[in-house]
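Here is the structure we will look at.
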Amino acid sequence: MATKSAGIETQDNGTTKVVTWPKTGTRFTAAADVGLPVKLSPWGDVSVQCVGTKGTSFAMTVQGSNDGNDWCTLTDLNDDAISLTDVVGLNLQQIAQVPLYIRPLMTAQAGATDIACILVMRRNNPSRT
């Protein structure tokens with residue numbers, strides 16, 4: 001298992017953050033590779049996507065925690081577990097929950113997999129016109 005740090009970029013006058021795991025270095029290449037958690041609040045609108053080379057196959061889940069220690073798999077708006085698999089770039093999913101912390105976890109991998117995980121977080125900004 002390798003732990004991947006996150007790069008965080010702020011956009012749209014501070015109303016959007018783009019988080020990319022890994023920030024630098026080797027992407028997710030093996031089962032049990034995990035991204036270091038990022039703090040989610042006050043960001044309420046969250047989507048996730050995987051990009052890169054899938055090898056034979058891969059599966060990535062997105063986990064959330066309110067204490068930073070106990071993690072559970074997050075779900076989409078249909079209450080299905082977030083599972084980003086095989087179709088790189090075409091697996092954009094909206095996340096239903098808003099935990100304090102969030103991280104990606106590669107749960108399965110076969111072949112020469114080389115994946116990055118991108119999370120986009122938005123918040124309302126009533127002062128924008």
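Chain labels A, B, ... are given in the sequence in which chains occur in the structure tokens; within each chain residues are numbered consecutively from 1, and ligands are likewise numbered from 1 in the order shown.
For A:Gly64, the non-local neighbours within 10 Å, defined as residues at least 4 positions apart in the same chain or in other chains and counting only C-alpha atoms, are Pro37, Val38, Lys39, Leu40, Gly68, Asn69, Asp70, Trp71, Cys72, Thr73, Leu74, Thr75, Gln97, Val98, Pro99, Leu100, Tyr101, Ile102, Arg103 and Pro104 of chain A.
Proximity ranking of A:Ala116, A:Ala59, A:Ile95, A:Leu36 relative to A:Asp76 places A:Ile95 first, based on only C-alpha atoms.
Using only C-alpha atoms for every distance, the candidate list A:Trp21, A:Trp43, A:Phe58, A:Phe28 yields A:Trp21 as the residue closest to A:Ser5.
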What residues in chain A get the DSSP label strand (DSSP E)? Please answer as a PDB file with N, CA and C atoms, in the first residue's frame.
```
ATOM      1  N   THR A   3       0.704   5.552   0.084  1.00  0.00           N
ATOM      2  CA  THR A   3      -0.150   6.690   0.419  1.00  0.00           C
ATOM      3  C   THR A   3       0.193   7.844  -0.503  1.00  0.00           C
ATOM      4  N   LYS A   4      -0.843   8.424  -1.108  1.00  0.00           N
ATOM      5  CA  LYS A   4      -0.664   9.486  -2.102  1.00  0.00           C
ATOM      6  C   LYS A   4      -1.096  10.831  -1.522  1.00  0.00           C
ATOM      7  N   GLY A   7      -2.878  17.344  -4.307  1.00  0.00           N
ATOM      8  CA  GLY A   7      -2.657  18.714  -4.741  1.00  0.00           C
ATOM      9  C   GLY A   7      -4.000  19.417  -4.754  1.00  0.00           C
ATOM     10  N   ILE A   8      -4.073  20.629  -4.228  1.00  0.00           N
ATOM     11  CA  ILE A   8      -5.344  21.354  -4.145  1.00  0.00           C
ATOM     12  C   ILE A   8      -5.201  22.692  -4.860  1.00  0.00           C
ATOM     13  N   GLU A   9      -6.112  22.940  -5.802  1.00  0.00           N
ATOM     14  CA  GLU A   9      -6.125  24.177  -6.579  1.00  0.00           C
ATOM     15  C   GLU A   9      -7.469  24.877  -6.367  1.00  0.00           C
ATOM     16  N   THR A  10      -7.432  26.173  -6.087  1.00  0.00           N
ATOM     17  CA  THR A  10      -8.650  26.959  -5.908  1.00  0.00           C
ATOM     18  C   THR A  10      -8.979  27.680  -7.208  1.00  0.00           C
ATOM     19  N   GLN A  11     -10.278  27.654  -7.583  1.00  0.00           N
ATOM     20  CA  GLN A  11     -10.726  28.293  -8.824  1.00  0.00           C
ATOM     21  C   GLN A  11     -12.006  29.080  -8.562  1.00  0.00           C
ATOM     22  N   THR A  16     -14.650  27.109  -5.870  1.00  0.00           N
ATOM     23  CA  THR A  16     -14.378  25.760  -6.361  1.00  0.00           C
ATOM     24  C   THR A  16     -12.963  25.348  -5.962  1.00  0.00           C
ATOM     25  N   LYS A  17     -12.839  24.110  -5.505  1.00  0.00           N
ATOM     26  CA  LYS A  17     -11.520  23.519  -5.269  1.00  0.00           C
ATOM     27  C   LYS A  17     -11.415  22.242  -6.081  1.00  0.00           C
ATOM     28  N   VAL A  18     -10.252  22.044  -6.708  1.00  0.00           N
ATOM     29  CA  VAL A  18      -9.968  20.827  -7.450  1.00  0.00           C
ATOM     30  C   VAL A  18      -8.844  20.107  -6.708  1.00  0.00           C
ATOM     31  N   VAL A  19      -9.141  18.896  -6.266  1.00  0.00           N
ATOM     32  CA  VAL A  19      -8.175  18.084  -5.527  1.00  0.00           C
ATOM     33  C   VAL A  19      -7.740  16.946  -6.436  1.00  0.00           C
ATOM     34  N   THR A  20      -6.430  16.772  -6.602  1.00  0.00           N
ATOM     35  CA  THR A  20      -5.902  15.701  -7.439  1.00  0.00           C
ATOM     36  C   THR A  20      -4.955  14.840  -6.614  1.00  0.00           C
ATOM     37  N   TRP A  21      -5.236  13.533  -6.586  1.00  0.00           N
ATOM     38  CA  TRP A  21      -4.319  12.566  -5.979  1.00  0.00           C
ATOM     39  C   TRP A  21      -3.689  11.790  -7.116  1.00  0.00           C
ATOM     40  N   VAL A  34      -3.806   4.399  -1.271  1.00  0.00           N
ATOM     41  CA  VAL A  34      -4.812   5.271  -0.658  1.00  0.00           C
ATOM     42  C   VAL A  34      -4.348   6.723  -0.719  1.00  0.00           C
ATOM     43  N   GLY A  35      -5.295   7.623  -0.901  1.00  0.00           N
ATOM     44  CA  GLY A  35      -4.979   9.043  -0.898  1.00  0.00           C
ATOM     45  C   GLY A  35      -5.048   9.605   0.504  1.00  0.00           C
ATOM     46  N   VAL A  38      -8.440  14.741   2.653  1.00  0.00           N
ATOM     47  CA  VAL A  38      -8.550  16.196   2.637  1.00  0.00           C
ATOM     48  C   VAL A  38      -9.822  16.570   3.383  1.00  0.00           C
ATOM     49  N   LYS A  39      -9.803  17.750   3.975  1.00  0.00           N
ATOM     50  CA  LYS A  39     -10.961  18.240   4.720  1.00  0.00           C
ATOM     51  C   LYS A  39     -11.989  18.765   3.727  1.00  0.00           C
ATOM     52  N   ASP A  45     -21.051  20.501  -2.715  1.00  0.00           N
ATOM     53  CA  ASP A  45     -21.290  19.877  -4.009  1.00  0.00           C
ATOM     54  C   ASP A  45     -19.994  19.213  -4.444  1.00  0.00           C
ATOM     55  N   VAL A  46     -19.956  17.870  -4.457  1.00  0.00           N
ATOM     56  CA  VAL A  46     -18.697  17.148  -4.676  1.00  0.00           C
ATOM     57  C   VAL A  46     -18.879  16.097  -5.761  1.00  0.00           C
ATOM     58  N   SER A  47     -17.951  16.075  -6.731  1.00  0.00           N
ATOM     59  CA  SER A  47     -17.932  15.017  -7.741  1.00  0.00           C
ATOM     60  C   SER A  47     -16.519  14.449  -7.832  1.00  0.00           C
ATOM     61  N   VAL A  48     -16.408  13.219  -8.354  1.00  0.00           N
ATOM     62  CA  VAL A  48     -15.118  12.534  -8.423  1.00  0.00           C
ATOM     63  C   VAL A  48     -15.000  11.821  -9.768  1.00  0.00           C
ATOM     64  N   GLN A  49     -13.764  11.745 -10.264  1.00  0.00           N
ATOM     65  CA  GLN A  49     -13.483  11.090 -11.540  1.00  0.00           C
ATOM     66  C   GLN A  49     -12.068  10.519 -11.502  1.00  0.00           C
ATOM     67  N   CYS A  50     -11.862   9.385 -12.187  1.00  0.00           N
ATOM     68  CA  CYS A  50     -10.526   8.815 -12.347  1.00  0.00           C
ATOM     69  C   CYS A  50     -10.042   9.062 -13.768  1.00  0.00           C
ATOM     70  N   VAL A  51      -8.753   9.351 -13.913  1.00  0.00           N
ATOM     71  CA  VAL A  51      -8.142   9.534 -15.225  1.00  0.00           C
ATOM     72  C   VAL A  51      -6.829   8.765 -15.259  1.00  0.00           C
ATOM     73  N   GLY A  52      -6.396   8.377 -16.453  1.00  0.00           N
ATOM     74  CA  GLY A  52      -5.126   7.684 -16.582  1.00  0.00           C
ATOM     75  C   GLY A  52      -5.255   6.422 -17.408  1.00  0.00           C
ATOM     76  N   THR A  53      -4.395   5.451 -17.123  1.00  0.00           N
ATOM     77  CA  THR A  53      -4.350   4.177 -17.842  1.00  0.00           C
ATOM     78  C   THR A  53      -4.868   3.082 -16.933  1.00  0.00           C
ATOM     79  N   SER A  57      -7.750  -3.951 -15.485  1.00  0.00           N
ATOM     80  CA  SER A  57      -8.933  -3.455 -14.758  1.00  0.00           C
ATOM     81  C   SER A  57      -8.500  -2.800 -13.458  1.00  0.00           C
ATOM     82  N   PHE A  58      -9.416  -2.013 -12.879  1.00  0.00           N
ATOM     83  CA  PHE A  58      -9.180  -1.422 -11.574  1.00  0.00           C
ATOM     84  C   PHE A  58     -10.529  -1.092 -10.938  1.00  0.00           C
ATOM     85  N   ALA A  59     -10.520  -0.858  -9.644  1.00  0.00           N
ATOM     86  CA  ALA A  59     -11.697  -0.362  -8.928  1.00  0.00           C
ATOM     87  C   ALA A  59     -11.217   0.607  -7.861  1.00  0.00           C
ATOM     88  N   MET A  60     -11.860   1.766  -7.800  1.00  0.00           N
ATOM     89  CA  MET A  60     -11.518   2.777  -6.803  1.00  0.00           C
ATOM     90  C   MET A  60     -12.803   3.186  -6.097  1.00  0.00           C
ATOM     91  N   THR A  61     -12.748   3.233  -4.770  1.00  0.00           N
ATOM     92  CA  THR A  61     -13.875   3.746  -3.999  1.00  0.00           C
ATOM     93  C   THR A  61     -13.480   5.099  -3.419  1.00  0.00           C
ATOM     94  N   VAL A  62     -14.483   5.819  -2.953  1.00  0.00           N
ATOM     95  CA  VAL A  62     -14.243   7.074  -2.258  1.00  0.00           C
ATOM     96  C   VAL A  62     -14.795   6.907  -0.859  1.00  0.00           C
ATOM     97  N   GLN A  63     -13.955   7.211   0.127  1.00  0.00           N
ATOM     98  CA  GLN A  63     -14.332   7.012   1.513  1.00  0.00           C
ATOM     99  C   GLN A  63     -14.465   8.339   2.243  1.00  0.00           C
ATOM    100  N   GLY A  64     -15.314   8.344   3.266  1.00  0.00           N
ATOM    101  CA  GLY A  64     -15.493   9.523   4.090  1.00  0.00           C
ATOM    102  C   GLY A  64     -15.366   9.189   5.557  1.00  0.00           C
ATOM    103  N   SER A  65     -15.051  10.202   6.353  1.00  0.00           N
ATOM    104  CA  SER A  65     -14.903  10.037   7.798  1.00  0.00           C
ATOM    105  C   SER A  65     -15.185  11.371   8.475  1.00  0.00           C
ATOM    106  N   CYS A  72     -15.702   4.955   5.792  1.00  0.00           N
ATOM    107  CA  CYS A  72     -16.748   4.172   5.142  1.00  0.00           C
ATOM    108  C   CYS A  72     -16.858   4.626   3.688  1.00  0.00           C
ATOM    109  N   THR A  73     -17.352   3.725   2.845  1.00  0.00           N
ATOM    110  CA  THR A  73     -17.523   4.033   1.431  1.00  0.00           C
ATOM    111  C   THR A  73     -18.695   4.988   1.250  1.00  0.00           C
ATOM    112  N   SER A  83     -18.067   3.512  -6.853  1.00  0.00           N
ATOM    113  CA  SER A  83     -17.081   2.551  -7.335  1.00  0.00           C
ATOM    114  C   SER A  83     -16.693   2.975  -8.739  1.00  0.00           C
ATOM    115  N   LEU A  84     -15.521   3.558  -8.849  1.00  0.00           N
ATOM    116  CA  LEU A  84     -15.008   4.021 -10.139  1.00  0.00           C
ATOM    117  C   LEU A  84     -14.217   2.872 -10.744  1.00  0.00           C
ATOM    118  N   THR A  85     -14.680   2.351 -11.871  1.00  0.00           N
ATOM    119  CA  THR A  85     -14.071   1.149 -12.429  1.00  0.00           C
ATOM    120  C   THR A  85     -13.829   1.276 -13.916  1.00  0.00           C
ATOM    121  N   GLN A  93     -18.764  10.753 -10.999  1.00  0.00           N
ATOM    122  CA  GLN A  93     -19.879  10.480 -10.102  1.00  0.00           C
ATOM    123  C   GLN A  93     -20.035  11.598  -9.082  1.00  0.00           C
ATOM    124  N   GLN A  94     -21.272  11.907  -8.766  1.00  0.00           N
ATOM    125  CA  GLN A  94     -21.616  12.872  -7.728  1.00  0.00           C
ATOM    126  C   GLN A  94     -21.642  12.149  -6.392  1.00  0.00           C
ATOM    127  N   ILE A  95     -21.145  12.776  -5.339  1.00  0.00           N
ATOM    128  CA  ILE A  95     -21.115  12.173  -4.008  1.00  0.00           C
ATOM    129  C   ILE A  95     -22.231  12.763  -3.168  1.00  0.00           C
ATOM    130  N   TYR A 101     -13.939  14.566   6.277  1.00  0.00           N
ATOM    131  CA  TYR A 101     -12.752  14.169   5.512  1.00  0.00           C
ATOM    132  C   TYR A 101     -13.158  13.225   4.382  1.00  0.00           C
ATOM    133  N   ILE A 102     -12.381  13.250   3.306  1.00  0.00           N
ATOM    134  CA  ILE A 102     -12.640  12.387   2.162  1.00  0.00           C
ATOM    135  C   ILE A 102     -11.303  11.916   1.587  1.00  0.00           C
ATOM    136  N   ARG A 103     -11.309  10.674   1.025  1.00  0.00           N
ATOM    137  CA  ARG A 103     -10.095  10.136   0.403  1.00  0.00           C
ATOM    138  C   ARG A 103     -10.467   9.042  -0.599  1.00  0.00           C
ATOM    139  N   PRO A 104      -9.635   8.830  -1.634  1.00  0.00           N
ATOM    140  CA  PRO A 104      -9.836   7.710  -2.548  1.00  0.00           C
ATOM    141  C   PRO A 104      -9.059   6.485  -2.072  1.00  0.00           C
ATOM    142  N   LEU A 105      -9.560   5.301  -2.419  1.00  0.00           N
ATOM    143  CA  LEU A 105      -8.894   4.040  -2.087  1.00  0.00           C
ATOM    144  C   LEU A 105      -9.029   3.098  -3.280  1.00  0.00           C
ATOM    145  N   MET A 106      -7.891   2.656  -3.831  1.00  0.00           N
ATOM    146  CA  MET A 106      -7.942   1.669  -4.898  1.00  0.00           C
ATOM    147  C   MET A 106      -8.156   0.303  -4.254  1.00  0.00           C
ATOM    148  N   THR A 107      -9.261  -0.348  -4.604  1.00  0.00           N
ATOM    149  CA  THR A 107      -9.619  -1.618  -3.971  1.00  0.00           C
ATOM    150  C   THR A 107      -9.238  -2.824  -4.804  1.00  0.00           C
ATOM    151  N   ALA A 108      -9.028  -2.643  -6.099  1.00  0.00           N
ATOM    152  CA  ALA A 108      -8.626  -3.749  -6.972  1.00  0.00           C
ATOM    153  C   ALA A 108      -7.834  -3.192  -8.138  1.00  0.00           C
ATOM    154  N   GLN A 109      -6.912  -4.030  -8.659  1.00  0.00           N
ATOM    155  CA  GLN A 109      -6.063  -3.591  -9.763  1.00  0.00           C
ATOM    156  C   GLN A 109      -5.515  -4.806 -10.466  1.00  0.00           C
ATOM    157  N   ALA A 110      -5.485  -4.756 -11.803  1.00  0.00           N
ATOM    158  CA  ALA A 110      -4.847  -5.806 -12.598  1.00  0.00           C
ATOM    159  C   ALA A 110      -4.198  -5.148 -13.809  1.00  0.00           C
ATOM    160  N   ASP A 114      -2.364   2.911 -13.985  1.00  0.00           N
ATOM    161  CA  ASP A 114      -1.715   4.175 -13.647  1.00  0.00           C
ATOM    162  C   ASP A 114      -2.815   5.237 -13.583  1.00  0.00           C
ATOM    163  N   ILE A 115      -3.416   5.420 -12.410  1.00  0.00           N
ATOM    164  CA  ILE A 115      -4.647   6.197 -12.261  1.00  0.00           C
ATOM    165  C   ILE A 115      -4.420   7.388 -11.330  1.00  0.00           C
ATOM    166  N   ALA A 116      -5.028   8.510 -11.690  1.00  0.00           N
ATOM    167  CA  ALA A 116      -5.127   9.663 -10.795  1.00  0.00           C
ATOM    168  C   ALA A 116      -6.612   9.858 -10.469  1.00  0.00           C
ATOM    169  N   CYS A 117      -6.893  10.386  -9.306  1.00  0.00           N
ATOM    170  CA  CYS A 117      -8.262  10.638  -8.867  1.00  0.00           C
ATOM    171  C   CYS A 117      -8.447  12.150  -8.718  1.00  0.00           C
ATOM    172  N   ILE A 118      -9.513  12.673  -9.325  1.00  0.00           N
ATOM    173  CA  ILE A 118      -9.784  14.114  -9.281  1.00  0.00           C
ATOM    174  C   ILE A 118     -11.126  14.348  -8.603  1.00  0.00           C
ATOM    175  N   LEU A 119     -11.105  15.199  -7.593  1.00  0.00           N
ATOM    176  CA  LEU A 119     -12.302  15.555  -6.836  1.00  0.00           C
ATOM    177  C   LEU A 119     -12.560  17.042  -7.054  1.00  0.00           C
ATOM    178  N   VAL A 120     -13.780  17.402  -7.417  1.00  0.00           N
ATOM    179  CA  VAL A 120     -14.148  18.813  -7.574  1.00  0.00           C
ATOM    180  C   VAL A 120     -15.175  19.146  -6.506  1.00  0.00           C
ATOM    181  N   MET A 121     -14.886  20.185  -5.725  1.00  0.00           N
ATOM    182  CA  MET A 121     -15.757  20.605  -4.632  1.00  0.00           C
ATOM    183  C   MET A 121     -16.206  22.031  -4.901  1.00  0.00           C
ATOM    184  N   ARG A 122     -17.490  22.284  -4.753  1.00  0.00           N
ATOM    185  CA  ARG A 122     -18.040  23.633  -4.941  1.00  0.00           C
ATOM    186  C   ARG A 122     -18.847  24.025  -3.722  1.00  0.00           C
TER     187      ARG A 122
END
```
- Item | Pick from A:Ala2, A:Ala112, A:Ala30, A:Leu77 nearest to A:Ala96, counting only C-alpha atoms | A:Leu77
- Item | Shortest interatomic distance to A:Asn124 - which of A:Asn13, A:Asn91, A:Thr29, A:Ala81, counting only C-alpha atoms | A:Asn13
